[in-house]
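Note sheet for the following structure.
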Amino acid sequence: AAEGARIGVEAARSAAEALSNVRVDMGPRASSPRRGQQPSECAEVEDGEAMIALNAMVQMDAEQAMPLLRKVMARRDRCSEVMRRRAVFLIAQKRTADVADLLIDAARNDPDKEVRAQAVYYLARVPGPRSLAFLREVATRPGDTDVRQRAVYALATMKTPEARAALRDVAASRDTDVEVRADAIYRLGTSGSAEDLAFVRELYPRLESRELKERALN
């Protein structure tokens, strides 16, 4: 069994190392898809050689996988966002000191919105002051509402006193969009914490919109 596992890991490493040479060229660019759809030109990447190699990294330990995953995240060739979305998930499963840095970099700089959103979401699995500070920043700064709401969700799943305090700050911030504040209020209200519920009750008279008041009442 041990020898079989070793062979499997070696095969995974060989396949994954091929990623640095695999190019994704799907021909002429197709028309732009509707939001939420995978571009037709990139659909076959899901079953292609590069994705098979990437999925092989599940069998690799962090020391072997992380340098290769960093290479994947640096790619910007056509349709490579399909692989980067998968790589974000794999990075979040590893337990190395640079996981938070890689996810934060992807959340800040990746050109693909879904990669950015997934990186924000998976930061909840990497507890620590850097993840917390970044998620709080994403939730409160101007930007894509969907990504900011994922930051709120990530803070809610952390379940630490510091994360709860950050959620309260988002809920009370008049400089934050109503949709994001409403989501923070919802997460606080469903936490089951007496402290969170007391905060929502105290916040209610200071809420300036009907939507926020209704969310607090719910």
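We name chains A, B, ... following the order of the structure tokens; residues begin at 1 in each chain, and ligands are numbered from 1 as shown.
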
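Residues in contact with range 79-89 of chain A at up to 6 Å, not including ones fewer than 4 positions away on its chain and judged by only C-alpha atoms, are Cys42, Met73 and Val115 of chain A.
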
For range 166-169 of chain A, please output as an mmCIF file with N, CA, C and O atoms, in the first residue's frame all residues within 10 Å (counting only C-alpha atoms; exclusion window: fewer than 5 positions along the same chain).
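Result written to selection_34.cif:
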data_model
loop_
_atom_site.group_PDB
_atom_site.id
_atom_site.type_symbol
_atom_site.label_atom_id
_atom_site.label_comp_id
_atom_site.auth_asym_id
_atom_site.auth_seq_id
_atom_site.Cartn_x
_atom_site.Cartn_y
_atom_site.Cartn_z
ATOM 1 N N LEU A 132 -8.033 38.164 8.582
ATOM 2 C CA LEU A 132 -9.104 38.947 9.186
ATOM 3 C C LEU A 132 -9.069 40.395 8.709
ATOM 4 O O LEU A 132 -10.099 40.958 8.313
ATOM 5 N N ALA A 133 -7.888 41.002 8.729
ATOM 6 C CA ALA A 133 -7.769 42.400 8.316
ATOM 7 C C ALA A 133 -8.135 42.576 6.848
ATOM 8 O O ALA A 133 -8.818 43.549 6.480
ATOM 9 N N LEU A 135 -10.167 40.597 4.968
ATOM 10 C CA LEU A 135 -11.600 40.386 4.773
ATOM 11 C C LEU A 135 -12.402 41.606 5.235
ATOM 12 O O LEU A 135 -13.378 42.008 4.585
ATOM 13 N N ARG A 136 -11.985 42.194 6.337
ATOM 14 C CA ARG A 136 -12.655 43.412 6.808
ATOM 15 C C ARG A 136 -12.489 44.536 5.792
ATOM 16 O O ARG A 136 -13.436 45.273 5.504
ATOM 17 N N GLU A 137 -11.288 44.663 5.225
ATOM 18 C CA GLU A 137 -11.038 45.691 4.212
ATOM 19 C C GLU A 137 -11.918 45.472 2.980
ATOM 20 O O GLU A 137 -12.525 46.417 2.454
ATOM 21 N N ALA A 139 -14.774 43.896 2.753
ATOM 22 C CA ALA A 139 -16.190 44.100 3.056
ATOM 23 C C ALA A 139 -16.571 45.567 3.102
ATOM 24 O O ALA A 139 -17.694 45.940 2.745
ATOM 25 N N THR A 140 -15.652 46.427 3.522
ATOM 26 C CA THR A 140 -16.010 47.829 3.748
ATOM 27 C C THR A 140 -15.593 48.779 2.633
ATOM 28 O O THR A 140 -16.106 49.894 2.552
ATOM 29 N N ALA A 151 -16.903 38.202 1.469
ATOM 30 C CA ALA A 151 -16.039 38.555 2.600
ATOM 31 C C ALA A 151 -16.834 38.534 3.902
ATOM 32 O O ALA A 151 -16.344 38.063 4.936
ATOM 33 N N VAL A 152 -18.059 39.041 3.851
ATOM 34 C CA VAL A 152 -18.919 39.010 5.037
ATOM 35 C C VAL A 152 -19.188 37.564 5.454
ATOM 36 O O VAL A 152 -19.117 37.218 6.643
ATOM 37 N N TYR A 153 -19.492 36.722 4.478
ATOM 38 C CA TYR A 153 -19.738 35.305 4.786
ATOM 39 C C TYR A 153 -18.490 34.661 5.389
ATOM 40 O O TYR A 153 -18.590 33.891 6.359
ATOM 41 N N LEU A 155 -16.110 36.087 7.096
ATOM 42 C CA LEU A 155 -15.975 36.558 8.476
ATOM 43 C C LEU A 155 -16.932 35.807 9.401
ATOM 44 O O LEU A 155 -16.572 35.440 10.527
ATOM 45 N N ALA A 156 -18.152 35.564 8.922
ATOM 46 C CA ALA A 156 -19.149 34.879 9.748
ATOM 47 C C ALA A 156 -18.740 33.440 10.043
ATOM 48 O O ALA A 156 -19.019 32.923 11.132
ATOM 49 N N THR A 160 -14.728 33.669 15.421
ATOM 50 C CA THR A 160 -13.824 34.128 16.475
ATOM 51 C C THR A 160 -14.328 35.479 16.976
ATOM 52 O O THR A 160 -15.051 36.186 16.264
ATOM 53 N N PRO A 161 -13.970 35.862 18.193
ATOM 54 C CA PRO A 161 -14.405 37.173 18.694
ATOM 55 C C PRO A 161 -13.963 38.316 17.784
ATOM 56 O O PRO A 161 -14.709 39.276 17.588
ATOM 57 N N ARG A 174 -21.708 53.467 8.127
ATOM 58 C CA ARG A 174 -22.546 54.218 7.194
ATOM 59 C C ARG A 174 -21.854 54.448 5.861
ATOM 60 O O ARG A 174 -22.503 54.868 4.905
ATOM 61 N N THR A 176 -20.529 52.002 4.200
ATOM 62 C CA THR A 176 -20.596 50.723 3.498
ATOM 63 C C THR A 176 -21.955 50.580 2.819
ATOM 64 O O THR A 176 -22.970 51.030 3.355
ATOM 65 N N ARG A 181 -24.058 45.792 4.312
ATOM 66 C CA ARG A 181 -24.435 45.955 5.719
ATOM 67 C C ARG A 181 -25.594 45.033 6.087
ATOM 68 O O ARG A 181 -25.598 44.419 7.164
ATOM 69 N N ASP A 183 -26.299 42.197 4.792
ATOM 70 C CA ASP A 183 -25.782 40.834 4.895
ATOM 71 C C ASP A 183 -25.076 40.627 6.224
ATOM 72 O O ASP A 183 -25.212 39.579 6.862
ATOM 73 N N ALA A 184 -24.314 41.625 6.666
ATOM 74 C CA ALA A 184 -23.628 41.515 7.956
ATOM 75 C C ALA A 184 -24.632 41.420 9.098
ATOM 76 O O ALA A 184 -24.449 40.628 10.037
ATOM 77 N N ILE A 185 -25.702 42.210 9.040
ATOM 78 C CA ILE A 185 -26.738 42.148 10.066
ATOM 79 C C ILE A 185 -27.378 40.769 10.090
ATOM 80 O O ILE A 185 -27.631 40.189 11.159
ATOM 81 N N ARG A 187 -26.013 37.922 9.155
ATOM 82 C CA ARG A 187 -25.080 36.945 9.712
ATOM 83 C C ARG A 187 -24.995 37.071 11.233
ATOM 84 O O ARG A 187 -24.898 36.061 11.944
ATOM 85 N N LEU A 188 -25.035 38.293 11.740
ATOM 86 C CA LEU A 188 -25.017 38.490 13.190
ATOM 87 C C LEU A 188 -26.293 37.959 13.826
ATOM 88 O O LEU A 188 -26.264 37.307 14.870
ATOM 89 N N ASP A 196 -24.268 39.130 19.930
ATOM 90 C CA ASP A 196 -24.578 39.624 18.592
ATOM 91 C C ASP A 196 -26.011 40.147 18.518
ATOM 92 O O ASP A 196 -26.285 41.185 17.909
ATOM 93 N N PHE A 199 -26.289 43.438 20.132
ATOM 94 C CA PHE A 199 -25.736 44.467 19.257
ATOM 95 C C PHE A 199 -26.754 44.890 18.206
ATOM 96 O O PHE A 199 -26.935 46.090 17.933
ATOM 97 N N VAL A 200 -27.442 43.918 17.582
ATOM 98 C CA VAL A 200 -28.433 44.245 16.553
ATOM 99 C C VAL A 200 -29.567 45.069 17.147
ATOM 100 O O VAL A 200 -30.044 46.035 16.532
ATOM 101 N N LEU A 203 -28.316 48.522 17.610
ATOM 102 C CA LEU A 203 -28.050 49.178 16.337
ATOM 103 C C LEU A 203 -29.336 49.656 15.667
ATOM 104 O O LEU A 203 -29.337 50.674 14.964
#

So which residues touch Leu90 in chain A within 12 Å, counting only C-alpha atoms, skipping near sequence neighbours fewer than 6 positions away, as a ChimeraX atom specification? /A:54-62,65-66,68-70,72-73,83-84,99,102-103,118-119,122,125

Taking N, CA, C and O atoms for each residue, export the selection above as a tab-separated table (two decimals), in the first residue's frame.
chain	number	residue	atom	x	y	z
A	54	LEU	N	-3.61	19.41	-12.94
A	54	LEU	CA	-3.90	20.22	-11.76
A	54	LEU	C	-4.61	19.40	-10.69
A	54	LEU	O	-4.27	19.46	-9.51
A	55	ASN	N	-5.59	18.60	-11.09
A	55	ASN	CA	-6.32	17.77	-10.13
A	55	ASN	C	-5.42	16.74	-9.46
A	55	ASN	O	-5.69	16.29	-8.35
A	56	ALA	N	-4.33	16.37	-10.16
A	56	ALA	CA	-3.39	15.41	-9.57
A	56	ALA	C	-2.71	15.97	-8.33
A	56	ALA	O	-2.20	15.22	-7.50
A	57	MET	N	-2.71	17.28	-8.16
A	57	MET	CA	-2.06	17.89	-7.01
A	57	MET	C	-2.77	17.58	-5.70
A	57	MET	O	-2.20	17.79	-4.62
A	58	VAL	N	-3.99	17.07	-5.76
A	58	VAL	CA	-4.68	16.66	-4.54
A	58	VAL	C	-3.85	15.63	-3.80
A	58	VAL	O	-3.85	15.57	-2.56
A	59	GLN	N	-3.13	14.77	-4.54
A	59	GLN	CA	-2.34	13.70	-3.93
A	59	GLN	C	-0.98	14.16	-3.42
A	59	GLN	O	-0.28	13.39	-2.77
A	60	MET	N	-0.61	15.38	-3.72
A	60	MET	CA	0.73	15.85	-3.38
A	60	MET	C	0.73	16.58	-2.04
A	60	MET	O	-0.25	17.25	-1.69
A	61	ASP	N	1.82	16.45	-1.29
A	61	ASP	CA	1.91	17.22	-0.05
A	61	ASP	C	2.20	18.69	-0.39
A	61	ASP	O	2.53	19.04	-1.52
A	62	ALA	N	2.07	19.53	0.63
A	62	ALA	CA	2.16	20.98	0.40
A	62	ALA	C	3.53	21.38	-0.14
A	62	ALA	O	3.63	22.26	-1.00
A	65	ALA	N	3.46	20.64	-3.80
A	65	ALA	CA	2.39	21.25	-4.58
A	65	ALA	C	2.47	22.76	-4.66
A	65	ALA	O	2.17	23.35	-5.71
A	66	MET	N	2.88	23.42	-3.59
A	66	MET	CA	2.76	24.87	-3.54
A	66	MET	C	3.57	25.59	-4.63
A	66	MET	O	3.07	26.55	-5.24
A	68	LEU	N	4.19	24.61	-7.61
A	68	LEU	CA	3.47	24.41	-8.86
A	68	LEU	C	2.18	25.22	-8.88
A	68	LEU	O	1.79	25.79	-9.91
A	69	LEU	N	1.50	25.28	-7.75
A	69	LEU	CA	0.27	26.07	-7.66
A	69	LEU	C	0.56	27.55	-7.85
A	69	LEU	O	-0.24	28.27	-8.46
A	70	ARG	N	1.71	28.01	-7.35
A	70	ARG	CA	2.09	29.40	-7.57
A	70	ARG	C	2.27	29.68	-9.07
A	70	ARG	O	1.89	30.75	-9.56
A	72	VAL	N	0.71	28.16	-11.50
A	72	VAL	CA	-0.64	28.20	-12.09
A	72	VAL	C	-1.28	29.55	-11.84
A	72	VAL	O	-1.87	30.16	-12.74
A	73	MET	N	-1.16	30.07	-10.62
A	73	MET	CA	-1.80	31.35	-10.28
A	73	MET	C	-1.18	32.51	-11.04
A	73	MET	O	-1.82	33.55	-11.21
A	83	MET	N	-8.28	27.07	-14.71
A	83	MET	CA	-7.32	26.38	-13.85
A	83	MET	C	-7.07	27.16	-12.57
A	83	MET	O	-6.89	26.58	-11.50
A	84	ARG	N	-7.02	28.49	-12.67
A	84	ARG	CA	-6.75	29.28	-11.46
A	84	ARG	C	-7.88	29.14	-10.45
A	84	ARG	O	-7.64	29.15	-9.24
A	99	VAL	N	0.02	30.46	2.53
A	99	VAL	CA	-1.34	30.28	1.97
A	99	VAL	C	-2.11	31.59	2.00
A	99	VAL	O	-2.73	32.00	1.01
A	102	LEU	N	-0.89	34.00	-0.68
A	102	LEU	CA	-1.31	33.63	-2.04
A	102	LEU	C	-2.78	33.97	-2.28
A	102	LEU	O	-3.15	34.48	-3.34
A	103	LEU	N	-3.63	33.66	-1.30
A	103	LEU	CA	-5.05	33.94	-1.46
A	103	LEU	C	-5.32	35.44	-1.49
A	103	LEU	O	-6.15	35.92	-2.28
A	118	GLN	N	-13.54	33.63	-5.07
A	118	GLN	CA	-13.22	32.37	-4.41
A	118	GLN	C	-12.07	32.54	-3.43
A	118	GLN	O	-12.07	31.93	-2.35
A	119	ALA	N	-11.09	33.34	-3.80
A	119	ALA	CA	-9.96	33.58	-2.89
A	119	ALA	C	-10.45	34.23	-1.59
A	119	ALA	O	-10.02	33.86	-0.49
A	122	TYR	N	-12.32	31.49	0.49
A	122	TYR	CA	-11.47	30.48	1.12
A	122	TYR	C	-10.55	31.04	2.18
A	122	TYR	O	-9.96	30.27	2.96
A	125	ARG	N	-10.78	29.81	5.75
A	125	ARG	CA	-10.11	28.59	6.19
A	125	ARG	C	-8.68	28.85	6.66
A	125	ARG	O	-7.98	27.92	7.06

Going by DSSP on the backbone, which residues of range 13-201 of chain A come out as alpha helix (DSSP H)? List them as number ranges by chain. A: 13-17, 49-55, 62-74, 80-93, 99-109, 113-122, 129-140, 145-158, 161-172, 178-189, 194-201

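For the choices A:Asp101, A:Glu162, A:Asp146, A:Glu208, the atom-to-atom distance to Asp175 in chain A is smallest for A:Glu208 when using only C-alpha atoms.
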
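Minimum atom-to-atom distance to Arg95 in chain A, evaluated using only C-alpha atoms, belongs to A:Val126 out of A:Leu207, A:Val126, A:Val120, A:Ala74.
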